[in-house]
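Just below is one structure, and these are the notes that go with it.
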Amino acid sequence: MTVSCKLCLATIDPAVLIRNPLIWGILCGSVALALLLPYRSRQARWPGVVMGILGTGLVITGLPLELHWSEAGLFYVLTVITLVSAVATISMENAVYAAIWFALSLLGTAGLFFFQGAQFVAVATIVVYAGAIVVTLLFVIMLAQPDGQATYDRISWARSSKTVSVITAALLVTLLTITLEQVGPSLSAPTLPTGLLEKEHVALLGKHLFTEHLIEIEIAGTLLLVALVGAVAVLIHAKEESSLDSISNDE
Amino acid sequence: MNEVPLLQNYLVTSSLLFGIGLLGFMVRRNMIVMFLSVEMMLQGISLSFAAWGRFHGNWDGQIMVLFIIAVAGCEAAIALALILVLVQRSQTLDVAHWQQLHEDGQSRFNEPSVPATDPSRIPWPQLTPAGIEPETDPEAESHRKRI
Amino acid sequence: MIFSMTPIHPIALIPALPLLAAILTAILGARILGPRSHWPVMVATAGAFLLSLGLLLQGFQAASDEHHHGTSSETVSLWTWVHVEDAHQAASSTGQPSSDLQIDIVLRVDPLTIVMLTMVTFVSLLVIIFAAGYMQGDRGYWRFFSYIGLFIFSMTMLVSVSNFLLLFVFWEAVGMCSYLLIGFWYEKPEAAAAGKKAFLVNRVGDFGFMLAIFLIWCTYGTLNYYSYDGGPGVLDSTLAISSTTGLLICLLLMLGACGKSAQFPLHVWLPDAMEGPTPVSALIHAATMVTAGIYMVTRCWPLFEASEGAQVTVACIGGFTALLAGLIAMTQFDLKRVLAYSTISQLGYMFLALGTGSRAGVMAGMFHLVTHAFFKALLFLGSGSVMHATGGTVDMRQFGGLRHRMRITHATFLIGCLALSGFPFLAGFFSKDAILAAVHERGLETAYGGLYTLLFWVATFTALLTAIYTFRAFFMTFYGTEHIPAEAGEHPHESPPSMWIPLAVLAAGTCVIGLAHHPLEHFLLGTPSLSHLPLAEAGHGWGIQVMSACVALGGIGLAAWLYLGSGQLLGHITAPLKRCGLYQLSEHTFYLDSLYWGVIIWPLRMISLLCYAFDRWVIDRLVDACGRRPRTLGDLMRSLQMGLTSFYALAMMLGLLVLMAARLLAELN
């Protein structure tokens, strides 16, 4: 049941835009990020944190929901967890802490998936992402950066490029969200027959997956195999080269 | 009736997540944190897909998310392998070390406030020895170049 | 009659044979013919000469048979070259209908053409025989004969065609052959420069000729000489044109003739043209090419006849040039240069004769042309023989007393000098006397009479100078103490038979040709252009003849007195001349070359240097700057590629931002 909906718009009205708290939230958030991102050692964190709280509040205000307050509250909590963890990930000076915060962000995202009724996807996120990828990342940090932190973690690029990056990201996000406010009420979409805790969810998903998207499954499997082989090949080749180097260095 | 606001909120969240991930990729210098930011961008997109899937009332969104997870796994494997190789060469996770693709005549970008890492000072992990030490011939050991 | 049965008319064969020989020599000469390269051209020219003789005899027969003073000419049409319908839109005032431009290759056989052809082919044949001996061993032997063949073809066509445009085509062709032959030894820079100078100075004359052709076309609507195939002709046109137009046409034609026949102010190329081989000088610059101008004026006589101002101009130019050249030749030490200036002087005489406007004058001019061809070619070939003996030196101060070694050359050269000076009863005497008589008679008329009388005395004085400088050269070369230059080798010897036989033939011809004045005059009257010349007055008295004989003998005697004895008397005369600068004036050709250099050549060189500097420093720099701009811009953009991944990501995102904004804004509006 696909409904073609066109989320486009008649005109962008600046007057309406300025009163939109979402835009202000994005603005505050970008300022907060600019302050939080590491640019020198031992910088004060509190201005960024304050701005961040302000920005988060504005964003939340800009996301109205017509639900029961408990459900809406659950959504807002999950959103806050996700976004705050994301901000923390990129502004941590310690790589290990960043990984842990990212895992928390993944939990928030999984919760948001659950809120949509996508049970399997939520659990898959936790298992694969948080369980496998983040752990592997931590192993790599152990091998590469035993200190867990380094000077280059505390110092970003030149200040100008950081500012430009922040502005770019803010503009991008603004562009992505700016159109949403103009959606007319004429759109309506049917809901999934399944609810939040549908018992047959995985079976139905599996059935749909293996009947309609069989080829994609096979290709994804092949891709995984190729990635596995590739990763091992890269490492073996590198190991041989480094052993050659060490032989030549010894002699 | 409340589908559209829900969709809108999810889209806003996903775009914010994407934006934060983008910012992290562009600003941070640690290769691991950059990789984390990439994963964060993928998460944001997955969120968006799931929301659209629910909005349209079909499974396609979630299936897309599954595939995104699969691809992200592959990507993580290879990326981490490459990162390990790079670390072996340069003993640092700093992405600013790798500037060989600059133009002719371009001077190297040096961040003066970052001191160069001294490989000898990197404390590599030490495992405590366990078990009984085997008997070895000290002469053979002294003459062998490598073990 | 003789030739009426042959399928190809001989007038078409006469140019064709040398052309074919030239092409054959060019193709086969380098590898196959080698030292035998002279045979094709020699045989072809001999054939052409025999055909011309046949035509001459036929013409004489026709003229004497019918006893008519009408014109006799037959035409042979080969093919149509150009045909443009309605090309000429005449002005309505003249009442002419619009006419087509039709250029047919038509060869005309009339007495003027036949006389020129015979003279050209005869002298060419003798020169080729001489050159076979003179140029032996030269590296470009085959090339020489190929060029000579080409030249003979061009010259014979020039006198045979019946159209002004074709005349111009072959006018240029002989100019080109002259350039090729003057610069024959092209590795020598003086020779190459002389060739270039000849061509460029001729070009100035050709420019005048071209303007004349344009004017003729606009005025008459046709370029044919005579009416042909129903169309009008220029020279027998009954159209009434304004006197200024006629004068202008004649003056422009005269400019062309000055260029080709080396008259003032375009005479500067002929002395330098002596850098070419001596046979070339003998053929082209004595007998044939330089006479093309005279031929053209004679052919266009009806146009000149109508304009008295043109006649006066022609006479003045001729007389002035004769005097100028004669004065310059007095102080030259280069044997060939003396002969070159004497050629210029004699050509001036011919123009002076043509400028008198009477029948006697025109006939005298043509007669002098024929006789001059003989004895000037003889003199040039003789000087070639001298150069052959002295190993290439031509400066008379470096050799002397050669008469014992080179008896045949001495004898023939003497005959040539006597003819040039106007010694009684040799060819030059009759022709020069005829010219003087014509000028004198013209001086007795009322219109411009005083001017012509002045020109008469100028011509007489020049005759005296001619005798003096000719015999000066003769005595300096063949008399005095015997003195051989070092380049001569062991001992100088007489030339081989291939070289002295033509000398002997020409010398014999010089003695005999003097008797041909009246038959020639009678014959030439059959030419359509010359048929209605005003009849000459009653026969001139003996006074002119006696005076000219005295002048000649006096000149010879003066030269002998000055140059045969010791040099003391000569020193006494030249010293005051040197002191007052007249000697230097003459020696440096009245500084005309320097004048041309300063007024024309040096400014042009400076302008070209300026243009070169502008081209190199401004335009090239501009172009280079344009070329460098992408590089410069690229260099600016290159600084963005720092090799840092994050900057690449930033750039990508900025691009994405722009694309998204554009898309969204497009959808909005």
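Starting from 1 in every chain, residues are counted up; chains themselves are A, B, ... following the order of the structure tokens, and ligands are numbered from 1 as listed.
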* **Spatial neighbours of Gly59 (chain C), max dist 12 Å, only C-alpha atoms, sep filter under 3 positions, as a ChimeraX atom specification** => /C:1-3,52-56,62-66,71-74,109-115,118,519-520,522-527
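Residues from chain C that have an atom within 12 Å of chain B, counting only C-alpha atoms, are Gly634, Asp635, Leu636, Met637, Arg638, Ser639, Leu640, Gln641, Met642, Gly643, Leu644, Thr645, Ser646, Phe647, Tyr648, Ala649, Leu650, Ala651, Met652, Met653 and Leu654 of chain C.
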Just N, CA, C and O atoms for this one: save the residues we selected as a short mmCIF file (atom, residue, chain, number, x, y, z; two decimals), in the first residue's frame.
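Generated output (result_31.cif):
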data_model
loop_
_atom_site.label_atom_id
_atom_site.label_comp_id
_atom_site.auth_asym_id
_atom_site.auth_seq_id
_atom_site.Cartn_x
_atom_site.Cartn_y
_atom_site.Cartn_z
N GLY C 634 44.54 27.10 -12.54
CA GLY C 634 44.70 25.78 -11.98
C GLY C 634 45.59 25.79 -10.76
O GLY C 634 45.33 25.10 -9.78
N ASP C 635 46.65 26.61 -10.85
CA ASP C 635 47.54 26.70 -9.69
C ASP C 635 46.81 27.22 -8.47
O ASP C 635 47.07 26.80 -7.33
N LEU C 636 45.89 28.16 -8.73
CA LEU C 636 45.12 28.66 -7.60
C LEU C 636 44.26 27.56 -7.00
O LEU C 636 44.16 27.42 -5.78
N MET C 637 43.67 26.77 -7.89
CA MET C 637 42.76 25.73 -7.40
C MET C 637 43.51 24.56 -6.78
O MET C 637 42.96 23.82 -5.99
N ARG C 638 44.78 24.44 -7.19
CA ARG C 638 45.51 23.27 -6.69
C ARG C 638 45.72 23.32 -5.20
O ARG C 638 45.83 22.29 -4.55
N SER C 639 45.79 24.53 -4.68
CA SER C 639 46.07 24.62 -3.26
C SER C 639 44.96 24.03 -2.42
O SER C 639 45.13 23.81 -1.23
N LEU C 640 43.82 23.75 -3.08
CA LEU C 640 42.76 23.10 -2.32
C LEU C 640 43.03 21.62 -2.09
O LEU C 640 42.50 21.02 -1.16
N GLN C 641 43.85 21.04 -2.96
CA GLN C 641 44.09 19.60 -2.83
C GLN C 641 45.22 19.40 -1.85
O GLN C 641 46.38 19.44 -2.22
N MET C 642 44.87 19.22 -0.59
CA MET C 642 45.93 19.12 0.39
C MET C 642 46.22 17.68 0.77
O MET C 642 47.12 17.41 1.55
N GLY C 643 45.42 16.77 0.26
CA GLY C 643 45.67 15.38 0.61
C GLY C 643 45.07 14.99 1.93
O GLY C 643 45.25 13.88 2.39
N LEU C 644 44.29 15.90 2.54
CA LEU C 644 43.72 15.58 3.85
C LEU C 644 42.27 15.14 3.66
O LEU C 644 41.48 15.85 3.05
N THR C 645 41.95 14.01 4.20
CA THR C 645 40.65 13.40 3.96
C THR C 645 39.51 14.29 4.41
O THR C 645 38.48 14.39 3.75
N SER C 646 39.70 14.94 5.53
CA SER C 646 38.59 15.70 6.08
C SER C 646 38.25 16.89 5.20
O SER C 646 37.07 17.26 5.07
N PHE C 647 39.25 17.48 4.61
CA PHE C 647 38.96 18.58 3.71
C PHE C 647 38.22 18.10 2.48
O PHE C 647 37.34 18.78 1.96
N TYR C 648 38.57 16.91 2.03
CA TYR C 648 37.83 16.36 0.90
C TYR C 648 36.37 16.15 1.27
O TYR C 648 35.45 16.44 0.52
N ALA C 649 36.18 15.65 2.51
CA ALA C 649 34.80 15.42 2.96
C ALA C 649 34.04 16.73 3.04
O ALA C 649 32.89 16.82 2.63
N LEU C 650 34.73 17.75 3.54
CA LEU C 650 34.08 19.07 3.64
C LEU C 650 33.68 19.58 2.27
O LEU C 650 32.57 20.07 2.06
N ALA C 651 34.59 19.42 1.34
CA ALA C 651 34.28 19.89 -0.01
C ALA C 651 33.10 19.14 -0.60
O ALA C 651 32.22 19.72 -1.24
N MET C 652 33.08 17.83 -0.37
CA MET C 652 31.97 17.03 -0.86
C MET C 652 30.65 17.51 -0.28
O MET C 652 29.64 17.63 -0.99
N MET C 653 30.68 17.80 1.00
CA MET C 653 29.44 18.22 1.66
C MET C 653 28.99 19.58 1.17
O MET C 653 27.79 19.82 1.02
N LEU C 654 29.94 20.44 0.92
CA LEU C 654 29.57 21.75 0.39
C LEU C 654 28.90 21.61 -0.97
O LEU C 654 27.90 22.26 -1.27
#
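The coordinates place CA of Met274 (chain C) at 18.6 Å from CA of Tyr141 (chain C).
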* Asked: If you run DSSP on the backbone, which residues of region 22-138 of chain B are alpha helix (DSSP H), as a ChimeraX atom specification?
  -> /B:22-27,31-56,60-90,138
* To do: Point out the residue among B:Pro5, B:Tyr10, B:Ile20, B:Ser90 with the least atom-to-atom distance to Gly29 (chain A), counting only C-alpha atoms.
  =>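 With only C-alpha atoms as the atom set, the closest residue is B:Ile20.
Going from CA of Gly137 (chain C) over to CA of Trp500 (chain C), you cover 18.2 Å.
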* In Å to one decimal, how far is CA of Ser15 (chain B) from CA of Val135 (chain A)? -> 26.0 Å
* Quick one: residues within 7 Å of region 348-364 of chain C, only C-alpha atoms counted, chain neighbours fewer than 5 positions away excluded, as a list in words? -> Gln263, Ile294, Glu305, Gln311, Val312, Val314, Ala315, Cys316, Gly318, Gly319, Thr321, Ala322, Leu369, Ser431, Ala434, Ile435, Ala438, Val439, Arg442, Glu521, Leu533, Pro534, Leu535 and Ala536 of chain C
Expected file: the selected residues, N, CA, C and O atoms, as a tab-separated table (two decimals), in the first residue's frame:
chain	number	residue	atom	x	y	z
C	263	GLN	N	64.70	51.55	-67.64
C	263	GLN	CA	64.87	52.98	-67.84
C	263	GLN	C	64.78	53.66	-66.50
C	263	GLN	O	64.28	53.10	-65.53
C	294	ILE	N	60.29	47.72	-75.36
C	294	ILE	CA	60.25	48.39	-76.67
C	294	ILE	C	59.16	47.76	-77.53
C	294	ILE	O	58.37	48.43	-78.19
C	305	GLU	N	50.21	57.14	-80.34
C	305	GLU	CA	50.07	58.11	-81.42
C	305	GLU	C	49.02	59.15	-81.08
C	305	GLU	O	49.13	60.31	-81.46
C	311	GLN	N	54.12	60.77	-75.98
C	311	GLN	CA	55.31	60.68	-76.84
C	311	GLN	C	56.46	61.50	-76.25
C	311	GLN	O	57.61	61.05	-76.23
C	312	VAL	N	56.12	62.71	-75.81
C	312	VAL	CA	57.17	63.57	-75.25
C	312	VAL	C	57.77	62.93	-74.01
C	312	VAL	O	58.99	62.93	-73.81
C	314	VAL	N	57.93	59.74	-73.28
C	314	VAL	CA	58.76	58.60	-73.67
C	314	VAL	C	60.11	59.11	-74.15
C	314	VAL	O	61.17	58.58	-73.77
C	315	ALA	N	60.10	60.13	-74.97
C	315	ALA	CA	61.36	60.63	-75.52
C	315	ALA	C	62.26	61.18	-74.43
C	315	ALA	O	63.47	60.91	-74.40
C	316	CYS	N	61.63	61.93	-73.51
C	316	CYS	CA	62.45	62.51	-72.44
C	316	CYS	C	63.07	61.44	-71.56
C	316	CYS	O	64.25	61.49	-71.21
C	318	GLY	N	63.69	58.39	-72.35
C	318	GLY	CA	64.73	57.68	-73.09
C	318	GLY	C	66.02	58.48	-73.17
C	318	GLY	O	67.11	57.97	-72.90
C	319	GLY	N	65.88	59.77	-73.52
C	319	GLY	CA	67.06	60.59	-73.67
C	319	GLY	C	67.81	60.76	-72.35
C	319	GLY	O	69.05	60.64	-72.28
C	321	THR	N	67.74	58.82	-69.72
C	321	THR	CA	68.38	57.57	-69.29
C	321	THR	C	69.64	57.30	-70.09
C	321	THR	O	70.65	56.83	-69.53
C	322	ALA	N	69.57	57.58	-71.39
C	322	ALA	CA	70.76	57.34	-72.21
C	322	ALA	C	71.94	58.15	-71.68
C	322	ALA	O	73.06	57.63	-71.52
C	369	LEU	N	66.81	48.10	-82.32
C	369	LEU	CA	66.58	46.95	-81.43
C	369	LEU	C	67.23	45.71	-82.01
C	369	LEU	O	67.94	44.96	-81.32
C	431	SER	N	71.83	52.28	-87.65
C	431	SER	CA	70.67	52.40	-86.77
C	431	SER	C	70.76	53.65	-85.91
C	431	SER	O	69.80	54.39	-85.75
C	434	ALA	N	70.03	56.60	-87.96
C	434	ALA	CA	68.60	56.73	-88.24
C	434	ALA	C	67.87	57.38	-87.07
C	434	ALA	O	67.00	58.23	-87.24
C	435	ILE	N	68.24	56.99	-85.87
C	435	ILE	CA	67.59	57.58	-84.69
C	435	ILE	C	67.90	59.07	-84.62
C	435	ILE	O	67.01	59.90	-84.39
C	438	ALA	N	65.93	60.98	-87.10
C	438	ALA	CA	64.51	61.11	-86.76
C	438	ALA	C	64.32	62.17	-85.69
C	438	ALA	O	63.38	62.99	-85.76
C	439	VAL	N	65.20	62.15	-84.66
C	439	VAL	CA	65.05	63.14	-83.58
C	439	VAL	C	65.28	64.54	-84.12
C	439	VAL	O	64.57	65.50	-83.78
C	442	ARG	N	62.25	65.70	-86.01
C	442	ARG	CA	61.17	66.04	-85.10
C	442	ARG	C	61.43	67.38	-84.43
C	442	ARG	O	60.51	68.14	-84.14
C	521	GLU	N	62.00	47.99	-92.78
C	521	GLU	CA	60.99	49.04	-92.64
C	521	GLU	C	59.79	48.70	-93.50
C	521	GLU	O	58.65	48.79	-93.07
C	533	LEU	N	51.28	54.92	-89.97
C	533	LEU	CA	52.20	55.92	-89.45
C	533	LEU	C	52.28	57.06	-90.45
C	533	LEU	O	52.21	56.85	-91.65
C	534	PRO	N	52.47	58.24	-89.92
C	534	PRO	CA	52.62	59.39	-90.85
C	534	PRO	C	53.88	59.21	-91.69
C	534	PRO	O	54.93	58.78	-91.20
C	535	LEU	N	53.72	59.49	-92.91
C	535	LEU	CA	54.82	59.26	-93.84
C	535	LEU	C	55.99	60.15	-93.50
C	535	LEU	O	55.83	61.28	-93.05
C	536	ALA	N	57.19	59.60	-93.73
C	536	ALA	CA	58.37	60.42	-93.44
C	536	ALA	C	58.49	61.53	-94.46
C	536	ALA	O	57.98	61.44	-95.58
Could you name the residues that touch Leu657 (chain C) at 10 Å or less, counting only C-alpha atoms, but leaving out those on the same chain fewer than 5 positions away, as a PDB file with N, CA and C atoms, in the first residue's frame?
ATOM      1  N   THR A 168      28.313  24.122   7.650  1.00  0.00           N
ATOM      2  CA  THR A 168      27.853  23.239   6.578  1.00  0.00           C
ATOM      3  C   THR A 168      26.845  22.245   7.100  1.00  0.00           C
ATOM      4  N   ALA A 169      27.211  21.594   8.223  1.00  0.00           N
ATOM      5  CA  ALA A 169      26.307  20.598   8.760  1.00  0.00           C
ATOM      6  C   ALA A 169      24.980  21.227   9.159  1.00  0.00           C
ATOM      7  N   LEU A 171      23.574  23.887   7.940  1.00  0.00           N
ATOM      8  CA  LEU A 171      22.805  24.224   6.744  1.00  0.00           C
ATOM      9  C   LEU A 171      22.177  22.992   6.140  1.00  0.00           C
ATOM     10  N   LEU A 172      22.933  21.932   6.114  1.00  0.00           N
ATOM     11  CA  LEU A 172      22.425  20.688   5.532  1.00  0.00           C
ATOM     12  C   LEU A 172      21.198  20.230   6.282  1.00  0.00           C
ATOM     13  N   VAL A 173      21.327  20.229   7.600  1.00  0.00           N
ATOM     14  CA  VAL A 173      20.210  19.761   8.413  1.00  0.00           C
ATOM     15  C   VAL A 173      19.015  20.692   8.256  1.00  0.00           C
ATOM     16  N   LEU A 175      18.251  22.450   5.659  1.00  0.00           N
ATOM     17  CA  LEU A 175      17.634  22.186   4.373  1.00  0.00           C
ATOM     18  C   LEU A 175      16.780  20.930   4.421  1.00  0.00           C
TER      19      LEU A 175
ATOM     20  N   ALA C 651      34.586  19.416   1.341  1.00  0.00           N
ATOM     21  CA  ALA C 651      34.282  19.890  -0.011  1.00  0.00           C
ATOM     22  C   ALA C 651      33.105  19.140  -0.601  1.00  0.00           C
ATOM     23  N   MET C 652      33.083  17.832  -0.367  1.00  0.00           N
ATOM     24  CA  MET C 652      31.968  17.032  -0.864  1.00  0.00           C
ATOM     25  C   MET C 652      30.650  17.511  -0.277  1.00  0.00           C
ATOM     26  N   ALA C 662      19.735  23.876  -4.548  1.00  0.00           N
ATOM     27  CA  ALA C 662      19.227  24.173  -5.885  1.00  0.00           C
ATOM     28  C   ALA C 662      17.977  23.367  -6.175  1.00  0.00           C
ATOM     29  N   ARG C 663      18.002  22.092  -5.818  1.00  0.00           N
ATOM     30  CA  ARG C 663      16.863  21.223  -6.086  1.00  0.00           C
ATOM     31  C   ARG C 663      15.625  21.685  -5.340  1.00  0.00           C
TER      32      ARG C 663
END
Quick one: everything within 7 Å of region 102-112 of chain A, counting only C-alpha atoms, minus sequence neighbours fewer than 4 positions away in the same chain. Send it as a PDB file with N, CA and C atoms, in the first residue's frame.
ATOM      1  N   LEU A  78      13.674   8.935  24.330  1.00  0.00           N
ATOM      2  CA  LEU A  78      14.565   8.190  23.420  1.00  0.00           C
ATOM      3  C   LEU A  78      15.327   9.153  22.513  1.00  0.00           C
ATOM      4  N   THR A  79      14.612  10.148  22.015  1.00  0.00           N
ATOM      5  CA  THR A  79      15.275  11.105  21.118  1.00  0.00           C
ATOM      6  C   THR A  79      16.406  11.827  21.843  1.00  0.00           C
ATOM      7  N   ILE A  81      18.052  10.834  24.454  1.00  0.00           N
ATOM      8  CA  ILE A  81      19.189   9.930  24.684  1.00  0.00           C
ATOM      9  C   ILE A  81      20.035   9.819  23.424  1.00  0.00           C
ATOM     10  N   THR A  82      19.368   9.607  22.302  1.00  0.00           N
ATOM     11  CA  THR A  82      20.117   9.422  21.044  1.00  0.00           C
ATOM     12  C   THR A  82      20.966  10.633  20.705  1.00  0.00           C
ATOM     13  N   SER A  85      23.800  11.426  23.244  1.00  0.00           N
ATOM     14  CA  SER A  85      24.916  10.482  23.114  1.00  0.00           C
ATOM     15  C   SER A  85      25.701  10.751  21.844  1.00  0.00           C
ATOM     16  N   ALA A  86      24.983  11.111  20.772  1.00  0.00           N
ATOM     17  CA  ALA A  86      25.685  11.399  19.516  1.00  0.00           C
ATOM     18  C   ALA A  86      26.610  12.584  19.676  1.00  0.00           C
ATOM     19  N   THR A  89      29.561  11.553  21.584  1.00  0.00           N
ATOM     20  CA  THR A  89      30.499  10.725  20.837  1.00  0.00           C
ATOM     21  C   THR A  89      31.520  11.576  20.118  1.00  0.00           C
ATOM     22  N   ALA A  98      34.392   7.745  23.523  1.00  0.00           N
ATOM     23  CA  ALA A  98      33.569   8.004  22.344  1.00  0.00           C
ATOM     24  C   ALA A  98      32.860   6.740  21.925  1.00  0.00           C
ATOM     25  N   GLN A 116       8.748   2.360  16.545  1.00  0.00           N
ATOM     26  CA  GLN A 116       8.104   2.244  15.239  1.00  0.00           C
ATOM     27  C   GLN A 116       7.433   0.910  15.045  1.00  0.00           C
ATOM     28  N   ALA A 122      15.432  -3.476  15.568  1.00  0.00           N
ATOM     29  CA  ALA A 122      15.971  -2.915  16.802  1.00  0.00           C
ATOM     30  C   ALA A 122      16.973  -3.860  17.432  1.00  0.00           C
ATOM     31  N   VAL A 123      16.546  -5.099  17.540  1.00  0.00           N
ATOM     32  CA  VAL A 123      17.442  -6.060  18.189  1.00  0.00           C
ATOM     33  C   VAL A 123      18.674  -6.285  17.325  1.00  0.00           C
ATOM     34  N   THR A 125      20.135  -4.198  15.480  1.00  0.00           N
ATOM     35  CA  THR A 125      21.041  -3.064  15.715  1.00  0.00           C
ATOM     36  C   THR A 125      21.890  -3.310  16.947  1.00  0.00           C
ATOM     37  N   ILE A 126      21.228  -3.682  18.003  1.00  0.00           N
ATOM     38  CA  ILE A 126      21.996  -3.869  19.223  1.00  0.00           C
ATOM     39  C   ILE A 126      23.007  -4.984  19.055  1.00  0.00           C
ATOM     40  N   ALA A 130      26.131  -2.587  18.232  1.00  0.00           N
ATOM     41  CA  ALA A 130      26.713  -2.399  19.562  1.00  0.00           C
ATOM     42  C   ALA A 130      27.492  -3.620  19.988  1.00  0.00           C
ATOM     43  N   VAL A 134      31.157  -2.192  17.628  1.00  0.00           N
ATOM     44  CA  VAL A 134      31.772  -1.328  18.634  1.00  0.00           C
ATOM     45  C   VAL A 134      32.839  -2.098  19.393  1.00  0.00           C
TER      46      VAL A 134
END
